[in-house]
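Structure, as structure tokens:
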There are 2 protein chains.
Amino acid sequence: MAKFQTVDIGRSASAASIIFAALRRAIVEGDLADGEPLRQDEIARSFNTSRIPVREALTMLEQQGLVKTERYKGAVVAGLSMAEATEIFDFRALVEAEVMRRAVPNMTTEVLDTARACLERFAAASDPMHYGDLNREFHETLYRASALPYHLGVIENAMDRIDRYLRAQLVLSDGMERARREHLAILDACARGEAERAAALTAEHIHGARDSLAEHMEQRNG
Amino acid sequence: MAKFQTVDIGRSASAASIIFAALRRAIVEGDLADGEPLRQDEIARSFNTSRIPVREALTMLEQQGLVKTERYKGAVVAGLSMAEATEIFDFRALVEAEVMRRAVPNMTTEVLDTARACLERFAAASDPMHYGDLNREFHETLYRASALPYHLGVIENAMDRIDRYLRAQLVLSDGMERARREHLAILDACARGEAERAAALTAEHIHGARDSLAEHMEQRNG
DNA sequence: ATATTGAATATTGGATACAATATCCGATAC
DNA sequence: GTATCGGATATTGTATCCAATATTCAATAT
């Protein structure tokens, strides 16, 4: 029997995981451009570590498909061709629609309220580059109700790989306004418990983003 | 202009990638039991390397979900609970059915012949533990026709995580015979160009394996 | 006997040092 | 001038060594 309240002192993370998280964020948010080389030495200096944890972080990023490594040549940020981006959008539409279908029956009013709050913050947000985070938070809040952790992990990885393109496209044209409209429609279907409609709207939402992105960048590498 | 024929001398792989491949194979094929600890020192000795490439290999395996690592405690083979295994089967059914749907229109007679040859080798195979390889080869041959590399990668990872359970189950009861029958039906649908039927049969095939596995092991960790 | 403490051991995380390879750049031959 | 060669430099891959943490187990107190 514990006589004193125990506190979890956050068990400081490994250097490798910290570096991984930082690099991942930089890539996902588009701070590092496609093809940009990631020098072990340079990264190690900026984190005040040796190259060993840097290498582990790069290994993780490579497994996630966020960087490409060539032996004795180093790692570069892995860009996506139009075909690759399109494929990932299609994959997301497939999986996220299914997850939504299975999440709707489990959605409590708390989940719906949290998602609604995301949309309100989304509408009120001043920093355009923060839209991406709120967008992900909205979707993941709903998906979490599915209680399908493997699916969620796969979706998260797929999002990571196209997020920077999505974010760039979101601020262009009517991307923001349309996203807002579609999000409201999805949330409405969820609130009414119409799983099939929520799933269909989710797939449309993602396919729309795919097509919009395809339009707004015909100038891309293969 | 090259005066001499250049030969690609297979560019010897890094120690880390060799160790990764070996450990992955051992886990996927079930040679290493769930929860078995993977000691860096021991592995390093058996490959005549230092622990550095071993650690990179373990990092890769962790990203793929094949091992679980705890800081200062080391890595163990990551087993699956019944719920986790079931979820991965459902995921596979979803994705593989879609990939099949999109692969059928692209299937050349060569693809179909290769797949048919897999089934013949499958029927004639003497080593039961080799069934798993032929099973994967059959499916992947058909899926490759979809030209959806991202989907294929995701499927491969999902397969990796449940393959040992599948293999164990395949040799039990009528697993072999039923697999043979279902494979023939799938191949038939492909040959006739019936994409929807091939997709439906694929989903059934995987759901059948899921249910069969669930029956044959009620005794499992959570 | 049981629980607790603390040293000894084992194991992992990270830093430094060295080896292997690629890249750059000037020299040279044509 | 252009192409090829060879050394200098830069960068990655691996080995060795030290630090940090976990685990084990004997000694002790209750």
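Labeling convention for the structure tokens: chains A, B, ... as they appear, residues from 1 per chain, ligands from 1 in order of appearance.
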All alpha helix (DSSP H) positions in region 52-213 of chain A, as a count of residues only: 122
Please build the interface table for chain D against chain A with a cut-off of 8 Å, listing for each qualifying residue the nearest atom pair and the distance in Å to one decimal; count only C-alpha atoms (C1' of nucleotides), order rows by chain and increasing number, and write it as a tab-separated table.
```
residue	atom	partner	partner_atom	distance
D:DT11	C1'	A:Tyr72	CA	7.1
D:DT12	C1'	A:Tyr72	CA	4.7
D:DG13	C1'	A:Tyr72	CA	7.5
```
Atoms kept (N, CA, C and O atoms (P, O5', C5', C4', C3', O3' and C1' of nucleotides)) for selection, written as a PDB file, in the first residue's frame:
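Done, and the output landed in result_31.pdb:
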```
ATOM      1  P    DT D  11      30.281  17.831 -45.383  1.00  0.00           P
ATOM      2  O5'  DT D  11      29.816  16.323 -45.260  1.00  0.00           O
ATOM      3  C5'  DT D  11      29.429  15.616 -46.431  1.00  0.00           C
ATOM      4  C4'  DT D  11      29.260  14.151 -46.110  1.00  0.00           C
ATOM      5  C3'  DT D  11      28.608  13.881 -44.755  1.00  0.00           C
ATOM      6  O3'  DT D  11      27.382  13.221 -44.950  1.00  0.00           O
ATOM      7  C1'  DT D  11      30.487  12.477 -45.128  1.00  0.00           C
ATOM      8  P    DT D  12      26.473  12.695 -43.718  1.00  0.00           P
ATOM      9  O5'  DT D  12      26.676  11.112 -43.787  1.00  0.00           O
ATOM     10  C5'  DT D  12      26.475  10.443 -45.025  1.00  0.00           C
ATOM     11  C4'  DT D  12      27.090   9.059 -44.982  1.00  0.00           C
ATOM     12  C3'  DT D  12      26.497   8.127 -43.922  1.00  0.00           C
ATOM     13  O3'  DT D  12      26.266   6.851 -44.505  1.00  0.00           O
ATOM     14  C1'  DT D  12      28.834   8.228 -43.677  1.00  0.00           C
ATOM     15  P    DG D  13      25.553   5.689 -43.645  1.00  0.00           P
ATOM     16  O5'  DG D  13      26.794   4.800 -43.175  1.00  0.00           O
ATOM     17  C5'  DG D  13      27.334   3.842 -44.077  1.00  0.00           C
ATOM     18  C4'  DG D  13      28.268   2.882 -43.354  1.00  0.00           C
ATOM     19  C3'  DG D  13      27.631   2.115 -42.202  1.00  0.00           C
ATOM     20  O3'  DG D  13      28.081   0.763 -42.242  1.00  0.00           O
ATOM     21  C1'  DG D  13      29.492   3.350 -41.412  1.00  0.00           C
TER      22       DG D  13
END
```
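Comparing B:Leu32, B:Ile88, B:Ala22, B:Leu66 by their smallest distance to chain A, the closest is B:Ile88 (using only C-alpha atoms).
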Running DSSP on the backbone, which parts of region 62-216 of chain B land in strand (DSSP E or B), as number ranges by chain? B: 67-70, 74-77
Do you know which residues are at most 12 Å from DT4 (chain D) counting only C-alpha atoms (C1' of nucleotides), after dropping those on the same chain fewer than 3 positions away, and could you put them as a PDB file with all heavy atoms, in the first residue's frame?
```pdb
ATOM      1  P    DA C  27      46.598  23.016 -60.528  1.00  0.00           P
ATOM      2  OP1  DA C  27      47.696  23.604 -59.731  1.00  0.00           O
ATOM      3  OP2  DA C  27      45.895  23.848 -61.523  1.00  0.00           O
ATOM      4  O5'  DA C  27      47.143  21.718 -61.248  1.00  0.00           O
ATOM      5  C5'  DA C  27      47.575  20.626 -60.446  1.00  0.00           C
ATOM      6  C4'  DA C  27      47.784  19.405 -61.323  1.00  0.00           C
ATOM      7  O4'  DA C  27      46.493  18.863 -61.716  1.00  0.00           O
ATOM      8  C3'  DA C  27      48.549  19.693 -62.622  1.00  0.00           C
ATOM      9  O3'  DA C  27      49.557  18.700 -62.805  1.00  0.00           O
ATOM     10  C2'  DA C  27      47.478  19.611 -63.713  1.00  0.00           C
ATOM     11  C1'  DA C  27      46.480  18.641 -63.111  1.00  0.00           C
ATOM     12  N9   DA C  27      45.095  18.838 -63.552  1.00  0.00           N
ATOM     13  C8   DA C  27      44.382  20.006 -63.499  1.00  0.00           C
ATOM     14  N7   DA C  27      43.149  19.895 -63.962  1.00  0.00           N
ATOM     15  C5   DA C  27      43.067  18.567 -64.343  1.00  0.00           C
ATOM     16  C6   DA C  27      42.017  17.808 -64.903  1.00  0.00           C
ATOM     17  N6   DA C  27      40.820  18.317 -65.191  1.00  0.00           N
ATOM     18  N1   DA C  27      42.249  16.503 -65.151  1.00  0.00           N
ATOM     19  C2   DA C  27      43.459  15.990 -64.856  1.00  0.00           C
ATOM     20  N3   DA C  27      44.520  16.607 -64.321  1.00  0.00           N
ATOM     21  C4   DA C  27      44.246  17.901 -64.089  1.00  0.00           C
ATOM     22  P    DT C  28      50.707  18.931 -63.926  1.00  0.00           P
ATOM     23  OP1  DT C  28      51.987  18.480 -63.347  1.00  0.00           O
ATOM     24  OP2  DT C  28      50.546  20.295 -64.457  1.00  0.00           O
ATOM     25  O5'  DT C  28      50.273  17.895 -65.049  1.00  0.00           O
ATOM     26  C5'  DT C  28      49.914  16.558 -64.690  1.00  0.00           C
ATOM     27  C4'  DT C  28      49.165  15.903 -65.828  1.00  0.00           C
ATOM     28  O4'  DT C  28      47.801  16.403 -65.889  1.00  0.00           O
ATOM     29  C3'  DT C  28      49.776  16.146 -67.216  1.00  0.00           C
ATOM     30  O3'  DT C  28      50.103  14.904 -67.808  1.00  0.00           O
ATOM     31  C2'  DT C  28      48.662  16.882 -67.986  1.00  0.00           C
ATOM     32  C1'  DT C  28      47.414  16.434 -67.248  1.00  0.00           C
ATOM     33  N1   DT C  28      46.254  17.363 -67.340  1.00  0.00           N
ATOM     34  C2   DT C  28      45.059  16.898 -67.824  1.00  0.00           C
ATOM     35  O2   DT C  28      44.890  15.763 -68.170  1.00  0.00           O
ATOM     36  N3   DT C  28      44.053  17.834 -67.878  1.00  0.00           N
ATOM     37  C4   DT C  28      44.138  19.174 -67.509  1.00  0.00           C
ATOM     38  O4   DT C  28      43.184  19.919 -67.603  1.00  0.00           O
ATOM     39  C5   DT C  28      45.420  19.598 -67.015  1.00  0.00           C
ATOM     40  C7   DT C  28      45.619  21.018 -66.596  1.00  0.00           C
ATOM     41  C6   DT C  28      46.409  18.686 -66.956  1.00  0.00           C
ATOM     42  P    DA C  29      51.028  14.818 -69.105  1.00  0.00           P
ATOM     43  OP1  DA C  29      52.140  13.895 -68.802  1.00  0.00           O
ATOM     44  OP2  DA C  29      51.321  16.201 -69.549  1.00  0.00           O
ATOM     45  O5'  DA C  29      50.073  14.135 -70.163  1.00  0.00           O
ATOM     46  C5'  DA C  29      49.338  12.965 -69.793  1.00  0.00           C
ATOM     47  C4'  DA C  29      48.232  12.711 -70.791  1.00  0.00           C
ATOM     48  O4'  DA C  29      47.164  13.690 -70.608  1.00  0.00           O
ATOM     49  C3'  DA C  29      48.675  12.825 -72.261  1.00  0.00           C
ATOM     50  O3'  DA C  29      48.134  11.731 -73.010  1.00  0.00           O
ATOM     51  C2'  DA C  29      48.099  14.164 -72.716  1.00  0.00           C
ATOM     52  C1'  DA C  29      46.862  14.300 -71.843  1.00  0.00           C
ATOM     53  N9   DA C  29      46.480  15.681 -71.549  1.00  0.00           N
ATOM     54  C8   DA C  29      47.291  16.683 -71.086  1.00  0.00           C
ATOM     55  N7   DA C  29      46.682  17.836 -70.909  1.00  0.00           N
ATOM     56  C5   DA C  29      45.366  17.570 -71.273  1.00  0.00           C
ATOM     57  C6   DA C  29      44.221  18.378 -71.300  1.00  0.00           C
ATOM     58  N6   DA C  29      44.219  19.662 -70.951  1.00  0.00           N
ATOM     59  N1   DA C  29      43.067  17.806 -71.710  1.00  0.00           N
ATOM     60  C2   DA C  29      43.083  16.509 -72.076  1.00  0.00           C
ATOM     61  N3   DA C  29      44.103  15.651 -72.088  1.00  0.00           N
ATOM     62  C4   DA C  29      45.224  16.250 -71.667  1.00  0.00           C
ATOM     63  P    DC C  30      48.745  11.368 -74.407  1.00  0.00           P
ATOM     64  OP1  DC C  30      48.801   9.882 -74.494  1.00  0.00           O
ATOM     65  OP2  DC C  30      49.972  12.184 -74.614  1.00  0.00           O
ATOM     66  O5'  DC C  30      47.631  11.879 -75.411  1.00  0.00           O
ATOM     67  C5'  DC C  30      46.280  11.426 -75.256  1.00  0.00           C
ATOM     68  C4'  DC C  30      45.326  12.361 -75.977  1.00  0.00           C
ATOM     69  O4'  DC C  30      45.170  13.572 -75.223  1.00  0.00           O
ATOM     70  C3'  DC C  30      45.824  12.845 -77.340  1.00  0.00           C
ATOM     71  O3'  DC C  30      45.319  11.959 -78.351  1.00  0.00           O
ATOM     72  C2'  DC C  30      45.241  14.247 -77.487  1.00  0.00           C
ATOM     73  C1'  DC C  30      44.690  14.575 -76.106  1.00  0.00           C
ATOM     74  N1   DC C  30      45.163  15.881 -75.569  1.00  0.00           N
ATOM     75  C2   DC C  30      44.230  16.918 -75.428  1.00  0.00           C
ATOM     76  O2   DC C  30      43.045  16.744 -75.746  1.00  0.00           O
ATOM     77  N3   DC C  30      44.660  18.112 -74.933  1.00  0.00           N
ATOM     78  C4   DC C  30      45.941  18.295 -74.593  1.00  0.00           C
ATOM     79  N4   DC C  30      46.310  19.476 -74.122  1.00  0.00           N
ATOM     80  C5   DC C  30      46.895  17.248 -74.748  1.00  0.00           C
ATOM     81  C6   DC C  30      46.469  16.069 -75.235  1.00  0.00           C
TER      82       DC C  30
END
```
Give me, as a tab-separated table (two decimals) with all heavy atoms, in the first residue's frame, the contact residues of chain B against chain A at a cut-off of 7 Å, counting only C-alpha atoms.
```tsv
chain	number	residue	atom	x	y	z
B	56	GLU	N	20.67	-0.18	-34.79
B	56	GLU	CA	19.92	0.38	-35.92
B	56	GLU	C	18.90	-0.62	-36.43
B	56	GLU	O	17.77	-0.26	-36.76
B	56	GLU	CB	20.87	0.81	-37.03
B	56	GLU	CG	21.50	2.15	-36.73
B	56	GLU	CD	22.33	2.68	-37.90
B	56	GLU	OE1	22.00	2.41	-39.05
B	56	GLU	OE2	23.33	3.37	-37.61
B	59	THR	N	16.02	-0.61	-34.16
B	59	THR	CA	15.22	0.60	-34.38
B	59	THR	C	14.27	0.40	-35.56
B	59	THR	O	13.08	0.75	-35.50
B	59	THR	CB	16.13	1.79	-34.63
B	59	THR	OG1	16.98	1.97	-33.50
B	59	THR	CG2	15.33	3.06	-34.87
B	60	MET	N	14.78	-0.17	-36.64
B	60	MET	CA	13.92	-0.43	-37.80
B	60	MET	C	12.79	-1.39	-37.43
B	60	MET	O	11.62	-1.15	-37.77
B	60	MET	CB	14.75	-1.05	-38.93
B	60	MET	CG	15.85	-0.16	-39.48
B	60	MET	SD	16.62	-0.91	-40.95
B	60	MET	CE	18.36	-0.69	-40.59
B	63	GLN	N	10.07	0.35	-35.54
B	63	GLN	CA	9.22	1.19	-36.38
B	63	GLN	C	8.20	0.33	-37.12
B	63	GLN	O	7.10	0.79	-37.42
B	63	GLN	CB	10.07	1.97	-37.38
B	63	GLN	CG	10.86	3.10	-36.75
B	63	GLN	CD	9.96	4.13	-36.11
B	63	GLN	OE1	9.02	4.62	-36.72
B	63	GLN	NE2	10.23	4.46	-34.86
B	87	GLU	N	-7.85	-6.95	-35.59
B	87	GLU	CA	-7.89	-5.66	-36.27
B	87	GLU	C	-7.02	-5.67	-37.52
B	87	GLU	O	-7.40	-5.12	-38.56
B	87	GLU	CB	-7.42	-4.55	-35.32
B	87	GLU	CG	-7.63	-3.18	-35.95
B	87	GLU	CD	-6.98	-2.07	-35.15
B	87	GLU	OE1	-6.62	-2.28	-33.98
B	87	GLU	OE2	-6.85	-0.96	-35.72
B	88	ILE	N	-5.86	-6.28	-37.42
B	88	ILE	CA	-4.96	-6.31	-38.59
B	88	ILE	C	-5.58	-7.13	-39.72
B	88	ILE	O	-5.47	-6.77	-40.89
B	88	ILE	CB	-3.57	-6.83	-38.18
B	88	ILE	CG1	-2.91	-5.81	-37.24
B	88	ILE	CG2	-2.70	-7.04	-39.41
B	88	ILE	CD1	-1.52	-6.19	-36.80
B	148	LEU	N	0.29	-0.13	-57.36
B	148	LEU	CA	0.04	0.77	-56.21
B	148	LEU	C	1.09	0.49	-55.14
B	148	LEU	O	0.81	-0.20	-54.15
B	148	LEU	CB	-1.37	0.54	-55.66
B	148	LEU	CG	-2.53	0.87	-56.58
B	148	LEU	CD1	-3.86	0.38	-56.00
B	148	LEU	CD2	-2.60	2.37	-56.86
B	150	TYR	N	2.50	2.08	-52.69
B	150	TYR	CA	2.28	2.43	-51.29
B	150	TYR	C	1.36	1.40	-50.64
B	150	TYR	O	1.64	0.91	-49.54
B	150	TYR	CB	1.67	3.83	-51.17
B	150	TYR	CG	1.49	4.29	-49.75
B	150	TYR	CD1	2.55	4.84	-49.05
B	150	TYR	CD2	0.28	4.16	-49.09
B	150	TYR	CE1	2.41	5.25	-47.73
B	150	TYR	CE2	0.12	4.56	-47.78
B	150	TYR	CZ	1.19	5.11	-47.11
B	150	TYR	OH	1.05	5.50	-45.81
```
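The two atoms in question, C1' of DT23 (chain D) and CA of Ser17 (chain A), are spaced 24.5 Å apart.
If you take only C-alpha atoms (C1' of nucleotides) and a cut-off of 10 Å, the residues of chain C that reach chain A are DG13, DG14, DA15, DT16, DA20, DT21, DA22 and DT23 of chain C.
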Next, the residues of the selection above should be written as an mmCIF file, in the first residue's frame with N, CA, C and O atoms (P, O5', C5', C4', C3', O3' and C1' of nucleotides).
```cif
data_model
loop_
_atom_site.group_PDB
_atom_site.id
_atom_site.type_symbol
_atom_site.label_atom_id
_atom_site.label_comp_id
_atom_site.auth_asym_id
_atom_site.auth_seq_id
_atom_site.Cartn_x
_atom_site.Cartn_y
_atom_site.Cartn_z
ATOM 1 P P DG C 13 18.690 1.552 -25.287
ATOM 2 O "O5'" DG C 13 19.656 2.730 -24.819
ATOM 3 C "C5'" DG C 13 19.205 3.618 -23.804
ATOM 4 C "C4'" DG C 13 20.071 4.870 -23.763
ATOM 5 C "C3'" DG C 13 20.234 5.567 -25.111
ATOM 6 O "O3'" DG C 13 20.175 6.981 -24.900
ATOM 7 C "C1'" DG C 13 22.365 4.903 -24.279
ATOM 8 P P DG C 14 20.415 8.003 -26.086
ATOM 9 O "O5'" DG C 14 21.990 8.256 -25.988
ATOM 10 C "C5'" DG C 14 22.504 8.892 -24.828
ATOM 11 C "C4'" DG C 14 23.997 9.117 -24.966
ATOM 12 C "C3'" DG C 14 24.425 9.889 -26.212
ATOM 13 O "O3'" DG C 14 25.271 10.952 -25.791
ATOM 14 C "C1'" DG C 14 25.680 7.899 -25.996
ATOM 15 P P DA C 15 25.864 11.976 -26.800
ATOM 16 O "O5'" DA C 15 27.429 11.660 -26.711
ATOM 17 C "C5'" DA C 15 28.061 11.656 -25.441
ATOM 18 C "C4'" DA C 15 29.564 11.435 -25.582
ATOM 19 C "C3'" DA C 15 30.231 12.247 -26.692
ATOM 20 O "O3'" DA C 15 31.498 12.701 -26.241
ATOM 21 C "C1'" DA C 15 30.520 9.932 -27.117
ATOM 22 P P DT C 16 32.352 13.668 -27.159
ATOM 23 O "O5'" DT C 16 33.509 12.700 -27.693
ATOM 24 C "C5'" DT C 16 34.249 11.931 -26.749
ATOM 25 C "C4'" DT C 16 35.083 10.884 -27.455
ATOM 26 C "C3'" DT C 16 35.946 11.407 -28.606
ATOM 27 O "O3'" DT C 16 37.285 10.995 -28.395
ATOM 28 C "C1'" DT C 16 34.741 9.480 -29.271
ATOM 29 P P DA C 20 38.709 -0.151 -43.959
ATOM 30 O "O5'" DA C 20 37.492 0.433 -44.797
ATOM 31 C "C5'" DA C 20 36.170 0.113 -44.391
ATOM 32 C "C4'" DA C 20 35.181 0.902 -45.232
ATOM 33 C "C3'" DA C 20 35.517 0.938 -46.725
ATOM 34 O "O3'" DA C 20 34.337 0.654 -47.472
ATOM 35 C "C1'" DA C 20 35.223 3.138 -45.905
ATOM 36 P P DT C 21 34.445 0.388 -49.041
ATOM 37 O "O5'" DT C 21 33.776 1.684 -49.689
ATOM 38 C "C5'" DT C 21 32.505 2.097 -49.212
ATOM 39 C "C4'" DT C 21 32.276 3.549 -49.538
ATOM 40 C "C3'" DT C 21 32.503 3.927 -51.002
ATOM 41 O "O3'" DT C 21 31.231 4.089 -51.605
ATOM 42 C "C1'" DT C 21 33.250 5.603 -49.471
ATOM 43 P P DA C 22 31.100 4.635 -53.106
ATOM 44 O "O5'" DA C 22 30.937 6.207 -52.905
ATOM 45 C "C5'" DA C 22 29.838 6.679 -52.141
ATOM 46 C "C4'" DA C 22 29.904 8.190 -52.014
ATOM 47 C "C3'" DA C 22 29.883 8.933 -53.345
ATOM 48 O "O3'" DA C 22 28.995 10.037 -53.231
ATOM 49 C "C1'" DA C 22 31.770 9.590 -52.090
ATOM 50 P P DT C 23 28.542 10.845 -54.519
ATOM 51 O "O5'" DT C 23 29.337 12.219 -54.406
ATOM 52 C "C5'" DT C 23 29.283 12.939 -53.173
ATOM 53 C "C4'" DT C 23 30.291 14.068 -53.193
ATOM 54 C "C3'" DT C 23 30.353 14.839 -54.521
ATOM 55 O "O3'" DT C 23 30.249 16.223 -54.234
ATOM 56 C "C1'" DT C 23 32.515 14.186 -53.842
#
```
Region 6-8 of chain C: which residues within 12 Å, counting only C-alpha atoms (C1' of nucleotides), same-chain residues fewer than 5 positions away excluded, as a PyMOL selection string? chain D and resi 23-28
